[in-house]
>>> print(open('target-v5.pdb').read())   # PDB, C-alpha atoms
MODEL        1
ATOM      1  CA  MET A   1      11.950  83.188  63.821
ATOM      2  CA  PRO A   2      13.922  81.005  66.263
ATOM      3  CA  LEU A   3      14.495  82.199  69.816
ATOM      4  CA  LEU A   4      18.171  81.393  69.480
ATOM      5  CA  GLU A   5      20.302  80.104  66.639
ATOM      6  CA  ALA A   6      23.885  78.893  66.559
ATOM      7  CA  ILE A   7      25.575  79.110  63.170
ATOM      8  CA  ASP A   8      28.799  77.134  62.595
ATOM      9  CA  LEU A   9      29.973  77.653  66.173
ATOM     10  CA  THR A  10      33.611  76.749  66.742
ATOM     11  CA  VAL A  11      35.355  77.106  70.104
ATOM     12  CA  ARG A  12      39.076  76.381  70.284
ATOM     13  CA  TYR A  13      41.339  76.223  73.308
ATOM     14  CA  THR A  14      45.102  76.047  73.499
ATOM     15  CA  VAL A  15      46.159  73.254  75.854
ATOM     16  CA  ARG A  16      49.555  72.237  77.178
ATOM     17  CA  GLY A  17      50.680  68.712  76.389
ATOM     18  CA  ALA A  18      52.477  66.283  78.710
ATOM     19  CA  ALA A  19      55.825  67.111  77.052
ATOM     20  CA  GLY A  20      55.317  70.833  77.580
ATOM     21  CA  GLY A  21      54.244  71.668  74.044
ATOM     22  CA  ARG A  22      50.994  73.423  73.134
ATOM     23  CA  ARG A  23      48.250  72.382  70.771
ATOM     24  CA  ASP A  24      44.860  73.679  69.734
ATOM     25  CA  PHE A  25      41.831  71.724  70.862
ATOM     26  CA  SER A  26      38.360  72.257  69.348
ATOM     27  CA  ALA A  27      35.676  71.905  72.002
ATOM     28  CA  LEU A  28      33.094  72.806  69.339
ATOM     29  CA  ASP A  29      33.601  72.304  65.627
ATOM     30  CA  ALA A  30      31.143  74.043  63.272
ATOM     31  CA  VAL A  31      28.029  73.317  65.353
ATOM     32  CA  SER A  32      24.680  74.715  64.201
ATOM     33  CA  LEU A  33      21.471  74.614  66.253
ATOM     34  CA  ARG A  34      18.067  76.321  66.161
ATOM     35  CA  VAL A  35      15.731  76.587  69.148
ATOM     36  CA  GLY A  36      12.165  77.633  68.357
ATOM     37  CA  PRO A  37       9.454  78.923  70.692
ATOM     38  CA  GLY A  38       8.164  76.209  73.030
ATOM     39  CA  GLU A  39      10.582  73.542  71.752
ATOM     40  CA  ARG A  40      12.093  70.934  74.057
ATOM     41  CA  ILE A  41      15.484  69.845  72.768
ATOM     42  CA  GLY A  42      17.808  67.341  74.403
ATOM     43  CA  LEU A  43      21.569  67.577  73.948
ATOM     44  CA  VAL A  44      23.295  64.234  74.576
ATOM     45  CA  GLY A  45      26.759  62.751  74.343
ATOM     46  CA  GLU A  46      29.653  61.527  76.462
ATOM     47  CA  SER A  47      31.660  63.716  78.788
ATOM     48  CA  GLY A  48      33.932  65.820  76.612
ATOM     49  CA  SER A  49      31.545  65.877  73.648
ATOM     50  CA  GLY A  50      31.071  69.659  73.899
ATOM     51  CA  LYS A  51      27.570  69.823  75.397
ATOM     52  CA  THR A  52      28.350  72.210  78.250
ATOM     53  CA  THR A  53      30.642  74.334  76.080
ATOM     54  CA  LEU A  54      27.796  74.742  73.608
ATOM     55  CA  ALA A  55      25.372  75.699  76.392
ATOM     56  CA  LYS A  56      27.773  78.297  77.794
ATOM     57  CA  THR A  57      28.477  79.716  74.344
ATOM     58  CA  LEU A  58      24.754  80.070  73.649
ATOM     59  CA  ILE A  59      24.328  82.350  76.676
ATOM     60  CA  GLY A  60      27.555  84.295  76.133
ATOM     61  CA  LEU A  61      29.706  82.786  78.900
ATOM     62  CA  GLU A  62      32.085  81.508  76.210
ATOM     63  CA  ARG A  63      32.981  83.448  73.065
ATOM     64  CA  PRO A  64      33.236  81.441  69.847
ATOM     65  CA  SER A  65      36.480  81.343  67.887
ATOM     66  CA  SER A  66      34.343  81.498  64.757
ATOM     67  CA  GLY A  67      30.671  81.334  63.869
ATOM     68  CA  SER A  68      27.995  83.190  65.799
ATOM     69  CA  VAL A  69      25.004  82.989  68.104
ATOM     70  CA  GLN A  70      22.074  84.841  66.569
ATOM     71  CA  VAL A  71      19.377  86.540  68.642
ATOM     72  CA  ASP A  72      16.543  88.077  66.618
ATOM     73  CA  GLY A  73      18.848  88.016  63.605
ATOM     74  CA  GLN A  74      21.698  89.804  65.408
ATOM     75  CA  ALA A  75      24.980  88.300  66.618
ATOM     76  CA  LEU A  76      25.116  87.939  70.393
ATOM     77  CA  HIS A  77      28.589  89.462  70.737
ATOM     78  CA  THR A  78      27.461  92.654  68.962
ATOM     79  CA  LEU A  79      24.637  93.450  71.394
ATOM     80  CA  ASP A  80      24.964  96.643  73.431
ATOM     81  CA  ALA A  81      24.386  96.762  77.208
ATOM     82  CA  VAL A  82      20.642  97.363  76.923
ATOM     83  CA  GLN A  83      20.157  94.623  74.332
ATOM     84  CA  LEU A  84      22.315  92.212  76.336
ATOM     85  CA  ALA A  85      20.220  92.811  79.461
ATOM     86  CA  GLN A  86      17.100  92.042  77.437
ATOM     87  CA  PHE A  87      18.739  88.858  76.141
ATOM     88  CA  ARG A  88      19.538  87.791  79.713
ATOM     89  CA  ARG A  89      15.869  88.085  80.549
ATOM     90  CA  GLN A  90      14.865  85.950  77.573
ATOM     91  CA  VAL A  91      17.448  83.172  78.021
ATOM     92  CA  GLN A  92      18.398  81.748  81.419
ATOM     93  CA  MET A  93      20.539  78.804  82.487
ATOM     94  CA  VAL A  94      20.275  76.284  85.314
ATOM     95  CA  PHE A  95      23.689  74.861  86.137
ATOM     96  CA  GLN A  96      24.643  71.297  87.014
ATOM     97  CA  ASP A  97      25.890  72.110  90.516
ATOM     98  CA  PRO A  98      23.312  74.279  92.302
ATOM     99  CA  MET A  99      25.588  74.622  95.344
ATOM    100  CA  GLY A 100      28.277  76.139  93.158
ATOM    101  CA  SER A 101      25.893  78.561  91.455
ATOM    102  CA  LEU A 102      24.243  79.867  94.653
ATOM    103  CA  ASN A 103      26.011  82.408  96.838
ATOM    104  CA  PRO A 104      26.568  80.668 100.195
ATOM    105  CA  ARG A 105      26.408  84.021 102.004
ATOM    106  CA  LEU A 106      22.971  84.918 100.681
ATOM    107  CA  THR A 107      19.722  83.448 101.910
ATOM    108  CA  VAL A 108      17.508  81.879  99.268
ATOM    109  CA  GLY A 109      15.129  84.842  99.399
ATOM    110  CA  ALA A 110      17.996  87.312  98.976
ATOM    111  CA  ALA A 111      19.446  85.343  96.040
ATOM    112  CA  ILE A 112      16.148  85.383  94.158
ATOM    113  CA  GLY A 113      15.406  88.953  95.214
ATOM    114  CA  GLU A 114      18.794  90.068  93.890
ATOM    115  CA  VAL A 115      17.774  88.972  90.390
ATOM    116  CA  LEU A 116      14.534  90.932  90.655
ATOM    117  CA  ALA A 117      16.416  94.014  91.890
ATOM    118  CA  VAL A 118      19.165  93.958  89.255
ATOM    119  CA  HIS A 119      16.695  93.632  86.391
ATOM    120  CA  ARG A 120      14.105  95.886  88.060
ATOM    121  CA  ILE A 121      11.347  93.327  87.599
ATOM    122  CA  VAL A 122       9.139  94.481  90.482
ATOM    123  CA  ALA A 123       9.125  97.318  93.004
ATOM    124  CA  ARG A 124      10.870  96.763  96.350
ATOM    125  CA  ALA A 125       7.543  96.571  98.194
ATOM    126  CA  GLU A 126       6.377  93.719  95.949
ATOM    127  CA  ARG A 127       9.642  91.791  95.960
ATOM    128  CA  GLN A 128       8.918  89.535  98.922
ATOM    129  CA  GLN A 129       5.589  88.429  97.440
ATOM    130  CA  ARG A 130       7.264  87.739  94.107
ATOM    131  CA  VAL A 131       9.913  85.598  95.858
ATOM    132  CA  ALA A 132       7.127  83.706  97.621
ATOM    133  CA  ASP A 133       5.343  83.114  94.304
ATOM    134  CA  LEU A 134       8.521  81.808  92.670
ATOM    135  CA  LEU A 135       9.257  79.435  95.540
ATOM    136  CA  ALA A 136       5.685  78.176  95.424
ATOM    137  CA  THR A 137       6.051  77.601  91.671
ATOM    138  CA  VAL A 138       8.850  75.113  92.326
ATOM    139  CA  GLY A 139       7.112  73.512  95.304
ATOM    140  CA  LEU A 140       8.875  75.273  98.193
ATOM    141  CA  ASP A 141       7.412  77.228 101.123
ATOM    142  CA  LEU A 142       8.079  80.889 101.812
ATOM    143  CA  ASP A 143       9.633  79.795 105.134
ATOM    144  CA  TYR A 144      12.608  78.560 103.118
ATOM    145  CA  ALA A 145      13.419  82.101 101.958
ATOM    146  CA  GLY A 146      15.320  82.836 105.185
ATOM    147  CA  ARG A 147      17.573  79.784 104.932
ATOM    148  CA  TYR A 148      21.004  79.410 103.334
ATOM    149  CA  PRO A 149      21.905  77.034 100.460
ATOM    150  CA  HIS A 150      23.780  74.570 102.699
ATOM    151  CA  GLU A 151      20.586  73.933 104.671
ATOM    152  CA  PHE A 152      18.865  72.282 101.704
ATOM    153  CA  SER A 153      19.079  68.927  99.952
ATOM    154  CA  GLY A 154      20.419  68.645  96.416
ATOM    155  CA  GLY A 155      16.935  68.431  94.929
ATOM    156  CA  GLN A 156      15.759  71.474  96.869
ATOM    157  CA  ARG A 157      18.797  73.478  95.786
ATOM    158  CA  GLN A 158      18.097  72.585  92.170
ATOM    159  CA  ARG A 159      14.516  73.819  92.601
ATOM    160  CA  ILE A 160      15.888  77.061  94.029
ATOM    161  CA  GLY A 161      18.139  77.432  90.979
ATOM    162  CA  ILE A 162      15.132  76.936  88.724
ATOM    163  CA  ALA A 163      13.108  79.494  90.728
ATOM    164  CA  ARG A 164      15.898  82.038  90.350
ATOM    165  CA  ALA A 165      16.032  81.458  86.594
ATOM    166  CA  LEU A 166      12.240  81.780  86.335
ATOM    167  CA  ALA A 167      12.354  85.165  88.081
ATOM    168  CA  LEU A 168      13.075  86.781  84.726
ATOM    169  CA  GLU A 169      10.258  84.899  82.963
ATOM    170  CA  PRO A 170      12.590  83.594  80.233
ATOM    171  CA  HIS A 171      11.446  82.350  76.850
ATOM    172  CA  LEU A 172      14.213  79.721  76.847
ATOM    173  CA  LEU A 173      15.658  77.766  79.768
ATOM    174  CA  ILE A 174      18.985  75.980  79.284
ATOM    175  CA  ALA A 175      19.434  73.230  81.873
ATOM    176  CA  ASP A 176      22.926  71.729  82.108
ATOM    177  CA  GLU A 177      22.715  68.227  83.620
ATOM    178  CA  PRO A 178      20.121  69.433  86.160
ATOM    179  CA  VAL A 179      19.455  65.982  87.683
ATOM    180  CA  SER A 180      22.742  64.097  87.243
ATOM    181  CA  ALA A 181      23.724  64.398  90.925
ATOM    182  CA  LEU A 182      20.263  63.618  92.327
ATOM    183  CA  ASP A 183      18.633  60.395  93.489
ATOM    184  CA  VAL A 184      16.339  58.737  90.977
ATOM    185  CA  SER A 185      13.150  59.639  92.863
ATOM    186  CA  VAL A 186      14.254  63.269  93.136
ATOM    187  CA  GLN A 187      15.239  63.276  89.454
ATOM    188  CA  ALA A 188      11.659  62.448  88.504
ATOM    189  CA  GLN A 189      10.331  65.316  90.625
ATOM    190  CA  VAL A 190      12.672  67.873  89.023
ATOM    191  CA  LEU A 191      12.002  66.581  85.499
ATOM    192  CA  ASN A 192       8.242  66.700  86.068
ATOM    193  CA  LEU A 193       8.648  70.256  87.341
ATOM    194  CA  LEU A 194      10.571  71.309  84.229
ATOM    195  CA  SER A 195       8.008  69.653  81.959
ATOM    196  CA  ASP A 196       5.072  71.307  83.747
ATOM    197  CA  LEU A 197       6.759  74.722  83.644
ATOM    198  CA  CYS A 198       7.376  74.429  79.899
ATOM    199  CA  ASP A 199       3.717  73.556  79.314
ATOM    200  CA  ALA A 200       2.349  76.283  81.580
ATOM    201  CA  ARG A 201       4.611  79.063  80.321
ATOM    202  CA  HIS A 202       5.100  77.935  76.706
ATOM    203  CA  MET A 203       8.795  78.055  77.535
ATOM    204  CA  ALA A 204      11.447  76.437  75.370
ATOM    205  CA  LEU A 205      13.925  74.050  76.991
ATOM    206  CA  LEU A 206      17.425  72.973  75.993
ATOM    207  CA  LEU A 207      18.258  70.043  78.264
ATOM    208  CA  VAL A 208      21.890  68.940  78.443
ATOM    209  CA  ALA A 209      22.189  65.340  79.645
ATOM    210  CA  HIS A 210      24.193  62.162  79.292
ATOM    211  CA  ASP A 211      21.245  60.008  80.393
ATOM    212  CA  LEU A 212      19.152  59.114  77.359
ATOM    213  CA  ALA A 213      16.168  58.195  79.531
ATOM    214  CA  VAL A 214      16.056  61.740  80.945
ATOM    215  CA  VAL A 215      15.958  63.258  77.452
ATOM    216  CA  ASN A 216      13.421  60.702  76.251
ATOM    217  CA  TYR A 217      11.156  61.583  79.183
ATOM    218  CA  VAL A 218      11.166  65.375  78.734
ATOM    219  CA  CYS A 219      12.207  66.297  75.191
ATOM    220  CA  ARG A 220      10.701  65.997  71.728
ATOM    221  CA  ARG A 221      13.845  66.564  69.690
ATOM    222  CA  VAL A 222      17.387  65.400  70.378
ATOM    223  CA  VAL A 223      20.846  66.440  69.182
ATOM    224  CA  VAL A 224      23.676  63.915  69.569
ATOM    225  CA  MET A 225      27.214  65.291  69.899
ATOM    226  CA  TYR A 226      30.587  63.601  69.658
ATOM    227  CA  LEU A 227      33.976  65.334  70.045
ATOM    228  CA  GLY A 228      32.493  68.764  69.421
ATOM    229  CA  ARG A 229      30.432  67.768  66.368
ATOM    230  CA  VAL A 230      26.745  67.068  65.859
ATOM    231  CA  VAL A 231      26.528  63.533  64.470
ATOM    232  CA  GLU A 232      22.741  63.003  64.564
ATOM    233  CA  SER A 233      19.605  65.024  65.243
ATOM    234  CA  GLY A 234      15.884  64.481  64.936
ATOM    235  CA  PRO A 235      12.694  63.560  66.788
ATOM    236  CA  VAL A 236      13.363  61.688  70.032
ATOM    237  CA  GLU A 237      11.231  58.696  69.088
ATOM    238  CA  ARG A 238      13.080  58.241  65.787
ATOM    239  CA  VAL A 239      16.642  58.863  66.997
ATOM    240  CA  PHE A 240      16.291  56.651  70.072
ATOM    241  CA  GLY A 241      13.860  54.173  68.513
ATOM    242  CA  ALA A 242      15.862  53.630  65.312
ATOM    243  CA  PRO A 243      19.292  55.230  65.764
ATOM    244  CA  ALA A 244      21.202  55.698  62.529
ATOM    245  CA  HIS A 245      24.699  56.945  63.356
ATOM    246  CA  PRO A 246      27.055  54.249  64.730
ATOM    247  CA  TYR A 247      27.792  56.428  67.759
ATOM    248  CA  THR A 248      24.099  56.878  68.583
ATOM    249  CA  ILE A 249      23.632  53.123  68.143
ATOM    250  CA  ALA A 250      26.445  52.513  70.640
ATOM    251  CA  LEU A 251      24.932  54.977  73.119
ATOM    252  CA  ARG A 252      21.526  53.339  72.779
ATOM    253  CA  ALA A 253      22.991  49.848  73.123
ATOM    254  CA  ALA A 254      24.715  50.859  76.360
ATOM    255  CA  VAL A 255      21.327  51.496  77.988
ATOM    256  CA  PRO A 256      19.980  48.332  79.670
ATOM    257  CA  ASP A 257      16.705  47.417  77.966
ATOM    258  CA  PRO A 258      15.394  43.841  78.190
ATOM    259  CA  ASP A 259      12.601  44.588  75.711
ATOM    260  CA  ARG A 260      14.877  45.640  72.896
ATOM    261  CA  ALA A 261      17.824  43.986  71.163
ATOM    262  CA  ILE A 262      20.293  45.902  69.025
ATOM    263  CA  ALA A 263      22.749  44.024  66.850
ATOM    264  CA  ARG A 264      25.903  43.563  68.871
ATOM    265  CA  GLU A 265      28.087  44.363  65.882
ATOM    266  CA  ASP A 266      26.920  47.971  66.175
ATOM    267  CA  ALA A 267      28.357  48.294  69.666
ATOM    268  CA  SER A 268      31.020  45.641  69.547
ATOM    269  CA  ARG A 269      33.899  48.025  70.124
ATOM    270  CA  GLU A 270      34.239  49.165  73.686
ATOM    271  CA  PRO A 271      34.501  52.969  74.048
ATOM    272  CA  GLN A 272      38.093  54.114  74.234
ATOM    273  CA  PRO A 273      38.979  57.085  76.445
ATOM    274  CA  ASP A 274      40.070  60.257  74.650
ATOM    275  CA  PRO A 275      40.397  58.878  71.085
ATOM    276  CA  ALA A 276      42.889  60.710  68.888
ATOM    277  CA  PRO A 277      41.257  63.383  66.685
ATOM    278  CA  PRO A 278      41.047  61.968  63.150
ATOM    279  CA  GLY A 279      41.989  65.176  61.310
ATOM    280  CA  GLU A 280      39.691  65.861  58.371
ATOM    281  CA  GLY A 281      37.877  62.552  58.646
ATOM    282  CA  CYS A 282      34.804  61.602  60.630
ATOM    283  CA  PRO A 283      35.518  62.183  64.349
ATOM    284  CA  PHE A 284      34.095  58.763  65.235
ATOM    285  CA  TRP A 285      36.083  56.624  62.816
ATOM    286  CA  PRO A 286      38.689  55.343  65.347
ATOM    287  CA  ARG A 287      35.829  53.696  67.293
ATOM    288  CA  CYS A 288      33.422  52.869  64.483
ATOM    289  CA  PRO A 289      32.791  49.177  63.642
ATOM    290  CA  ARG A 290      31.748  50.180  60.095
ATOM    291  CA  VAL A 291      34.693  52.428  59.225
ATOM    292  CA  GLU A 292      35.678  52.780  55.559
ATOM    293  CA  HIS A 293      38.551  54.555  53.837
ATOM    294  CA  ARG A 294      36.470  57.667  53.056
ATOM    295  CA  CYS A 295      35.602  57.981  56.729
ATOM    296  CA  ARG A 296      39.286  58.481  57.548
ATOM    297  CA  VAL A 297      39.989  61.138  54.930
ATOM    298  CA  SER A 298      36.763  63.140  54.535
ATOM    299  CA  ARG A 299      34.346  64.466  57.120
ATOM    300  CA  PRO A 300      30.615  63.971  56.391
ATOM    301  CA  ASP A 301      28.204  66.821  57.001
ATOM    302  CA  LEU A 302      24.724  66.374  58.434
ATOM    303  CA  ALA A 303      22.397  65.114  55.716
ATOM    304  CA  PRO A 304      18.676  64.287  55.900
ATOM    305  CA  VAL A 305      17.742  60.610  56.176
ATOM    306  CA  GLY A 306      14.060  61.137  56.992
ATOM    307  CA  GLU A 307      11.583  63.804  58.002
ATOM    308  CA  GLY A 308      13.356  66.086  60.467
ATOM    309  CA  HIS A 309      16.096  63.464  60.903
ATOM    310  CA  ALA A 310      19.713  64.183  59.921
ATOM    311  CA  VAL A 311      22.897  62.120  60.280
ATOM    312  CA  ALA A 312      26.587  62.799  59.607
ATOM    313  CA  CYS A 313      27.690  59.404  58.244
ATOM    314  CA  TRP A 314      28.984  58.450  54.796
ATOM    315  CA  ARG A 315      27.249  55.053  54.847
ATOM    316  CA  LEU A 316      23.837  56.691  55.129
ATOM    317  CA  ARG A 317      24.130  58.936  52.094
ATOM    318  CA  GLY A 318      21.518  57.993  49.535
ATOM    319  CA  ASN A 319      19.691  55.840  52.132
ATOM    320  CA  GLU A 320      22.624  53.421  52.269
ATOM    321  CA  ARG A 321      22.251  51.570  55.582
TER     322      ARG A 321
ENDMDL
END
>>> encode(input="target-v5.pdb", output="structure tokens")
Amino acid sequence: MPLLEAIDLTVRYTVRGAAGGRRDFSALDAVSLRVGPGERIGLVGESGSGKTTLAKTLIGLERPSSGSVQVDGQALHTLDAVQLAQFRRQVQMVFQDPMGSLNPRLTVGAAIGEVLAVHRIVARAERQQRVADLLATVGLDLDYAGRYPHEFSGGQRQRIGIARALALEPHLLIADEPVSALDVSVQAQVLNLLSDLCDARHMALLLVAHDLAVVNYVCRRVVVMYLGRVVESGPVERVFGAPAHPYTIALRAAVPDPDRAIAREDASREPQPDPAPPGEGCPFWPRCPRVEHRCRVSRPDLAPVGEGHAVACWRLRGNER
């Protein structure tokens, strides 16, 4: 039984065009995802690919236009107040901007203690010790509990956000670009912390990132998204070591790596900003160097190309490479 499962999630927004007209925009388009106990899954793609929308939909901050998020076999939006509170304890999220997710008027100790109080995790008399334990878990001293968010560095604030999420002892932690705004040395510290916490607590992790190296360092499985669709998924070493979808190949080729050469024809087309949606065809065809007629008129579904490895590309059906 997965901890969390997304089934054909679609999220549509109505946006206003430059000429004043309105059109529907699909931030997610029939996305399915399963997260099992203790799994570490990376979610990668460009800005605008739907990664953050998927993360927010999985925890109920966005409601799908169609499809569902399943928790213990029950749709998330059908949970009652008691069941929803239990779900919040099982699944927590660490946001990209810790300064924006921490109340500037609350000290760090009060912010973490508020979580414990709302969910009645520990008695009032034990709350301060629990806050101290959580801060120690993320490498911070109890002395920091009396300080405000603006008194900390970006890396320290991200650790505080992680401590607050851990207060509920979740089974799944969703981290949305947790290190994108941090220096490289601080990134390594936060990533090592997340990895150690997953090992120690047998906690599952869904890591949203645009940096392939970050996902490669922490995760064991990766899901590649493009314009709201999953185009490739599988073990990290296979997807990054031998990418199959043309978009994944282009992402991999964009990473500087002197020890590896990828055929330039696979990444010969420079990424174009905001490509026009291709209707019923493959979402990547306007940028694909291998585009065929069927790519323009029919959308491929994810199909297995190896053990645990699936790709949405017509050229790969029947092992055609």
>>> closest_residue(input="target-v5.pdb", among="A:Val15, A:Val218, A:Ala27, A:Ala303", to="His245 of chain A", atoms="only C-alpha atoms")
A:Ala303
>>> resolve_selection(input="target-v5.pdb", expression="the PyMOL selection byres ((chain A and resi 195) around 12)", output="ChimeraX atom specification")
/A:38-41,138,173,175,188-194,196-207,214-220
>>> atom_distance(input="target-v5.pdb", atom1="atom CA of Arg22 of chain A", atom2="atom CA of Trp285 of chain A")
24.7 Å
>>> residues_around(input="target-v5.pdb", residues="Val91 of chain A", least_positions_apart="6", cutoff="12 Å", atoms="all atoms listed in the file", output="JSON, numbers by chain")
{"A": [3, 4, 35, 37, 55, 56, 58, 59, 60, 71, 76, 84, 85, 165, 166, 167, 168, 169, 170, 171, 172, 173, 174, 175, 203, 204, 205, 206]}
>>> write_last_selection(input="target-v5.pdb", atoms="C-alpha atoms", output="compact mmCIF listing (two decimals), in the coordinates of the input")
# COMPACT_ATOMS: atom_id res chain seq x y z
CA LEU A 3 14.50 82.20 69.82
CA LEU A 4 18.17 81.39 69.48
CA VAL A 35 15.73 76.59 69.15
CA PRO A 37 9.45 78.92 70.69
CA ALA A 55 25.37 75.70 76.39
CA LYS A 56 27.77 78.30 77.79
CA LEU A 58 24.75 80.07 73.65
CA ILE A 59 24.33 82.35 76.68
CA GLY A 60 27.56 84.30 76.13
CA VAL A 71 19.38 86.54 68.64
CA LEU A 76 25.12 87.94 70.39
CA LEU A 84 22.32 92.21 76.34
CA ALA A 85 20.22 92.81 79.46
CA ALA A 165 16.03 81.46 86.59
CA LEU A 166 12.24 81.78 86.34
CA ALA A 167 12.35 85.16 88.08
CA LEU A 168 13.08 86.78 84.73
CA GLU A 169 10.26 84.90 82.96
CA PRO A 170 12.59 83.59 80.23
CA HIS A 171 11.45 82.35 76.85
CA LEU A 172 14.21 79.72 76.85
CA LEU A 173 15.66 77.77 79.77
CA ILE A 174 18.98 75.98 79.28
CA ALA A 175 19.43 73.23 81.87
CA MET A 203 8.80 78.06 77.54
CA ALA A 204 11.45 76.44 75.37
CA LEU A 205 13.92 74.05 76.99
CA LEU A 206 17.42 72.97 75.99
>>> resolve_selection(input="target-v5.pdb", expression="the PyMOL selection byres ((chain A and resi 145) around 9)", output="PyMOL selection string")
chain A and resi 107-110+112+131-132+135+141-144+146-148
>>> closest_residue(input="target-v5.pdb", among="A:His150, A:Ser68, A:Ala125, A:Val82", to="Asn103 of chain A", atoms="all atoms listed in the file")
A:His150
>>> residues_around(input="target-v5.pdb", residues="Asp29 of chain A", least_positions_apart="2", cutoff="9 Å", atoms="all atoms listed in the file", output="list in words")
Asp8, Leu9, Thr10, Val11, Arg12, Ser26, Ala27, Val31, Leu227, Gly228, Arg229 and Val230 of chain A
>>> residues_around(input="target-v5.pdb", residues="segment 296-298 of chain A", least_positions_apart="6", cutoff="7 Å", atoms="all atoms listed in the file", output="PDB file with C-alpha atoms, keeping the file's coordinate frame")
ATOM      1  CA  PRO A 278      41.047  61.968  63.150  1.00  0.00           C
ATOM      2  CA  GLU A 280      39.691  65.861  58.371  1.00  0.00           C
ATOM      3  CA  GLY A 281      37.877  62.552  58.646  1.00  0.00           C
ATOM      4  CA  CYS A 282      34.804  61.602  60.630  1.00  0.00           C
ATOM      5  CA  TRP A 285      36.083  56.624  62.816  1.00  0.00           C
TER       6      TRP A 285
END
>>> closest_residue(input="target-v5.pdb", among="A:Glu232, A:Glu237, A:Asp133, A:Asp176", to="Ser101 of chain A", atoms="all atoms listed in the file")
A:Asp176
>>> residues_around(input="target-v5.pdb", residues="Met225 of chain A", least_positions_apart="2", cutoff="10 Å", atoms="all atoms listed in the file", output="compact mmCIF listing (two decimals) with C-alpha atoms, keeping the file's coordinate frame")
# COMPACT_ATOMS: atom_id res chain seq x y z
CA LEU A 28 33.09 72.81 69.34
CA VAL A 31 28.03 73.32 65.35
CA LEU A 43 21.57 67.58 73.95
CA VAL A 44 23.30 64.23 74.58
CA GLY A 45 26.76 62.75 74.34
CA GLU A 46 29.65 61.53 76.46
CA GLY A 48 33.93 65.82 76.61
CA SER A 49 31.54 65.88 73.65
CA GLY A 50 31.07 69.66 73.90
CA LYS A 51 27.57 69.82 75.40
CA VAL A 222 17.39 65.40 70.38
CA VAL A 223 20.85 66.44 69.18
CA LEU A 227 33.98 65.33 70.04
CA GLY A 228 32.49 68.76 69.42
CA ARG A 229 30.43 67.77 66.37
CA VAL A 230 26.74 67.07 65.86
CA VAL A 231 26.53 63.53 64.47
CA GLU A 232 22.74 63.00 64.56
CA SER A 233 19.60 65.02 65.24
CA TYR A 247 27.79 56.43 67.76
CA THR A 248 24.10 56.88 68.58
>>> resolve_selection(input="target-v5.pdb", expression="the PyMOL selection byres ((chain A and resi 243) around 12)", output="compact mmCIF listing (two decimals) with C-alpha atoms, in the coordinates of the input")
# COMPACT_ATOMS: atom_id res chain seq x y z
CA VAL A 222 17.39 65.40 70.38
CA VAL A 223 20.85 66.44 69.18
CA VAL A 224 23.68 63.92 69.57
CA VAL A 231 26.53 63.53 64.47
CA GLU A 232 22.74 63.00 64.56
CA SER A 233 19.60 65.02 65.24
CA GLY A 234 15.88 64.48 64.94
CA PRO A 235 12.69 63.56 66.79
CA VAL A 236 13.36 61.69 70.03
CA GLU A 237 11.23 58.70 69.09
CA ARG A 238 13.08 58.24 65.79
CA VAL A 239 16.64 58.86 67.00
CA PHE A 240 16.29 56.65 70.07
CA GLY A 241 13.86 54.17 68.51
CA ALA A 242 15.86 53.63 65.31
CA ALA A 244 21.20 55.70 62.53
CA HIS A 245 24.70 56.94 63.36
CA PRO A 246 27.06 54.25 64.73
CA TYR A 247 27.79 56.43 67.76
CA THR A 248 24.10 56.88 68.58
CA ILE A 249 23.63 53.12 68.14
CA ALA A 250 26.44 52.51 70.64
CA LEU A 251 24.93 54.98 73.12
CA ARG A 252 21.53 53.34 72.78
CA ALA A 253 22.99 49.85 73.12
CA ILE A 262 20.29 45.90 69.03
CA ALA A 263 22.75 44.02 66.85
CA ASP A 266 26.92 47.97 66.18
CA VAL A 305 17.74 60.61 56.18
CA GLY A 306 14.06 61.14 56.99
CA HIS A 309 16.10 63.46 60.90
CA ALA A 310 19.71 64.18 59.92
CA VAL A 311 22.90 62.12 60.28
CA LEU A 316 23.84 56.69 55.13
CA ARG A 321 22.25 51.57 55.58
>>> atom_distance(input="target-v5.pdb", atom1="atom CA of Pro283 of chain A", atom2="atom CA of Glu5 of chain A")
23.6 Å
>>> atom_distance(input="target-v5.pdb", atom1="atom CA of Arg127 of chain A", atom2="atom CA of Glu151 of chain A")
22.7 Å
>>> closest_residue(input="target-v5.pdb", among="A:Arg34, A:His119, A:Arg315, A:Arg124", to="Gln70 of chain A", atoms="only C-alpha atoms")
A:Arg34
>>> closest_residue(input="target-v5.pdb", among="A:Pro256, A:His77, A:Ile160, A:Gly42", to="Glu177 of chain A", atoms="all atoms listed in the file")
A:Gly42
>>> closest_residue(input="target-v5.pdb", among="A:Val291, A:Cys313, A:Met1, A:Gln129", to="Leu116 of chain A", atoms="all atoms listed in the file")
A:Gln129
